[in-house]
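Structure file model-v3.txt (compact mmCIF, C-alpha atoms) follows.
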# COMPACT_ATOMS: atom_id res chain seq x y z
CA MET E 227 40.16 -33.94 -104.66
CA GLU E 228 41.90 -32.17 -107.46
CA ILE E 229 39.92 -29.03 -106.72
CA PHE E 230 40.87 -29.32 -103.07
CA VAL E 231 44.57 -29.74 -103.88
CA ASN E 232 44.46 -26.79 -106.31
CA LYS E 233 42.74 -24.71 -103.66
CA ILE E 234 45.45 -25.59 -101.10
CA LEU E 235 48.20 -24.81 -103.62
CA SER E 236 46.56 -21.53 -104.53
CA ASP E 237 46.26 -20.57 -100.85
CA ALA E 238 49.87 -21.57 -100.29
CA LYS E 239 51.01 -19.38 -103.22
CA GLU E 240 49.05 -16.41 -101.83
CA GLN E 241 50.46 -16.99 -98.38
CA SER E 242 53.95 -17.33 -99.86
CA THR E 243 53.50 -14.06 -101.76
CA VAL E 244 52.34 -12.26 -98.60
CA GLU E 245 55.27 -13.69 -96.60
CA THR E 246 57.69 -12.73 -99.36
CA GLN E 247 56.28 -9.17 -99.34
CA LEU E 248 56.66 -8.98 -95.52
CA LEU E 249 60.22 -10.27 -95.74
CA GLU E 250 61.09 -7.69 -98.40
CA ASN E 251 59.61 -4.90 -96.25
CA LYS E 252 61.54 -6.10 -93.20
CA SER E 253 64.67 -6.42 -95.30
CA GLU E 254 64.34 -2.79 -96.45
CA ILE E 255 63.96 -1.67 -92.83
CA LEU E 256 67.02 -3.68 -91.83
CA ASP E 257 68.99 -2.15 -94.71
CA GLN E 258 68.00 1.36 -93.58
CA MET E 259 68.99 0.53 -89.99
CA TYR E 260 72.37 -0.75 -91.18
CA GLU E 261 72.98 2.42 -93.22
CA THR E 262 72.06 4.57 -90.22
CA ILE E 263 74.43 2.60 -87.98
CA GLU E 264 77.24 2.97 -90.52
CA ALA E 265 76.67 6.73 -90.78
CA ASP E 266 76.58 7.04 -86.98
CA ASN E 267 79.78 5.01 -86.75
CA GLU E 268 81.54 7.44 -89.13
CA ILE E 269 80.30 10.42 -87.11
CA LEU E 270 81.49 8.81 -83.88
CA ALA E 271 84.93 8.19 -85.41
CA LYS E 272 85.14 11.89 -86.36
CA VAL E 273 84.08 12.93 -82.85
CA LYS E 274 86.71 10.63 -81.38
CA ASP E 275 89.39 12.23 -83.58
CA LEU E 276 88.24 15.72 -82.57
CA MET E 277 88.36 14.77 -78.89
CA SER E 278 91.89 13.46 -79.35
CA ASN E 279 92.93 16.75 -80.96
CA VAL E 280 91.30 18.75 -78.16
CA ARG E 281 93.10 16.70 -75.50
CA ALA E 282 96.44 17.26 -77.27
CA ASP E 283 95.74 21.01 -77.47
CA VAL E 284 94.85 21.14 -73.77
CA ARG E 285 98.11 19.38 -72.88
CA GLU E 286 100.00 22.01 -74.89
CA ILE E 287 98.07 24.90 -73.32
CA GLN E 288 98.60 23.78 -69.69
CA PRO E 289 102.32 24.76 -69.53
CA MET E 290 101.48 28.08 -71.19
CA LYS E 291 98.83 28.73 -68.56
CA GLU E 292 101.35 28.10 -65.80
CA SER E 293 103.86 30.43 -67.47
CA ILE E 294 101.22 33.13 -67.79
CA GLU E 295 100.41 32.80 -64.09
CA LYS E 296 104.11 33.21 -63.23
CA VAL E 297 104.37 36.28 -65.46
CA ARG E 298 101.19 37.70 -63.92
CA THR E 299 102.65 37.26 -60.44
CA GLU E 300 105.89 38.92 -61.49
CA VAL E 301 104.01 41.82 -63.10
CA VAL E 302 102.05 42.38 -59.89
CA SER E 303 105.31 42.35 -57.95
CA LEU E 304 106.90 44.80 -60.40
CA LYS E 305 103.88 47.11 -60.21
CA LYS E 306 104.21 47.19 -56.42
CA GLU E 307 107.93 47.93 -56.70
CA ILE E 308 107.32 50.71 -59.26
CA LYS E 309 104.65 52.23 -57.02
CA ARG E 310 107.03 52.11 -54.04
CA ILE E 311 109.80 53.76 -56.10
CA GLU E 312 107.41 56.44 -57.40
CA GLU E 313 106.27 57.19 -53.86
CA LYS E 314 109.88 57.56 -52.74
CA ALA E 315 110.65 59.82 -55.72
CA GLN E 316 107.74 62.10 -54.84
CA LEU E 317 108.93 62.67 -51.28
CA PRO E 318 110.42 66.15 -50.97
CA LYS E 319 114.04 66.60 -50.09
CA LEU E 320 114.35 67.53 -46.43
CA CYS E 321 116.91 69.81 -44.84
CA THR E 322 119.23 67.73 -42.69
CA THR E 323 119.39 70.47 -40.05
CA CYS E 324 115.85 71.82 -39.66
CA GLY E 325 113.88 69.06 -41.40
CA LYS E 326 111.86 71.41 -43.59
CA PRO E 327 111.06 70.43 -47.20
CA LEU E 328 113.34 71.76 -49.92
CA LEU E 329 113.11 71.92 -53.66
CA PRO E 330 115.68 69.70 -55.40
CA ASP E 331 117.36 72.76 -56.99
CA PHE E 332 118.12 74.46 -53.63
CA LYS E 333 121.77 74.47 -52.66
CA MET E 334 121.01 76.15 -49.36
CA CYS E 335 118.05 75.83 -47.00
CA PRO E 336 115.95 79.01 -47.14
CA TYR E 337 114.76 78.40 -43.56
CA CYS E 338 118.01 77.83 -41.66
CA GLY E 339 120.72 78.69 -44.21
CA GLU E 340 122.40 75.27 -44.01
CA LYS E 341 124.11 74.02 -47.17
CA THR E 342 122.26 71.11 -48.70
CA THR E 343 124.11 67.99 -49.69
CA LEU E 344 123.24 65.91 -52.67
CA GLU E 345 122.18 62.54 -51.44
CA THR E 346 122.46 59.71 -53.90
CA PRO E 347 119.42 57.52 -53.89
CA PRO E 348 120.00 53.94 -52.74
CA THR E 349 120.68 51.55 -55.57
CA ILE E 350 119.08 48.14 -55.89
CA ASP E 351 121.43 45.30 -56.74
CA LEU E 352 120.06 43.18 -59.58
CA LYS E 353 120.87 39.97 -57.72
CA ASN E 354 118.81 41.10 -54.75
CA TYR E 355 116.01 42.51 -56.90
CA LYS E 356 114.32 39.19 -57.57
Using the file provided, produce a representation of the structure as structure tokens.
Amino acid sequence: MEIFVNKILSDAKEQSTVETQLLENKSEILDQMYETIEADNEILAKVKDLMSNVRADVREIQPMKESIEKVRTEVVSLKKEIKRIEEKAQLPKLCTTCGKPLLPDFKMCPYCGEKTTLETPPTIDLKNYK
């Protein structure tokens, strides 16, 4: 009986050793998983902070974008106005009597002999300009 009891105790010790080894291995795996989760949690916190910063930057940029669009529209309008003014400036001066083109320096029409009058170009009131 003593041999039998010793055998059972010996088997129990071996089984206990094997179970202890398995528990240690599983514990190491769990420790590694915990460390990975902690590292991922830190990375996620950093990403969350970056996203917050990006959202704040976008909120600041939105009014600037609207202002740029307004300026762009005004520039297009001004370009059209400048083109219109340039086209008017390039039109030759016409004789009021015969309607033939005259150079700006002529004081008398070379075609009909009529005196030319200096016409002042129309002015644009600043209030009406916009």
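Every protein, DNA or RNA residue with an atom at most 9 Å from Thr343 (chain E), where all atoms listed in the file count and chain neighbours fewer than 2 positions away do not, is listed here: Cys321, Thr322, Lys333, Met334, Lys341 and Glu345 of chain E.
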Centre and edge lengths, as JSON, for the axis-aligned box enclosing every listed atom of region 321-332 of chain E with 4 Å of padding on each of the six sides, in Å to one decimal?
{"center_x": 115.2, "center_y": 71.1, "center_z": -48.3, "size_x": 16.3, "size_y": 14.7, "size_z": 25.3}
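In this structure, CA of Glu340 (chain E) sits 23.4 Å away from CA of Lys314 (chain E).
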Open item on the list: Report, in Å with one decimal, the straight-line distance from CA of Ile255 (chain E) to CA of Glu268 (chain E).
Closed with: 20.1 Å
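If you measure from each of E:Glu245, E:Pro330, E:Ile263, E:Lys233 to Ala315 (chain E) using all atoms listed in the file, the closest one turns out to be E:Pro330.
Going from CA of Ala282 (chain E) to CA of Glu295 (chain E) covers 20.8 Å.
The residue that comes closest to Thr342 (chain E), out of E:Leu249, E:Val280, E:Leu329, E:Val302 and on the basis of all atoms listed in the file, is E:Leu329.
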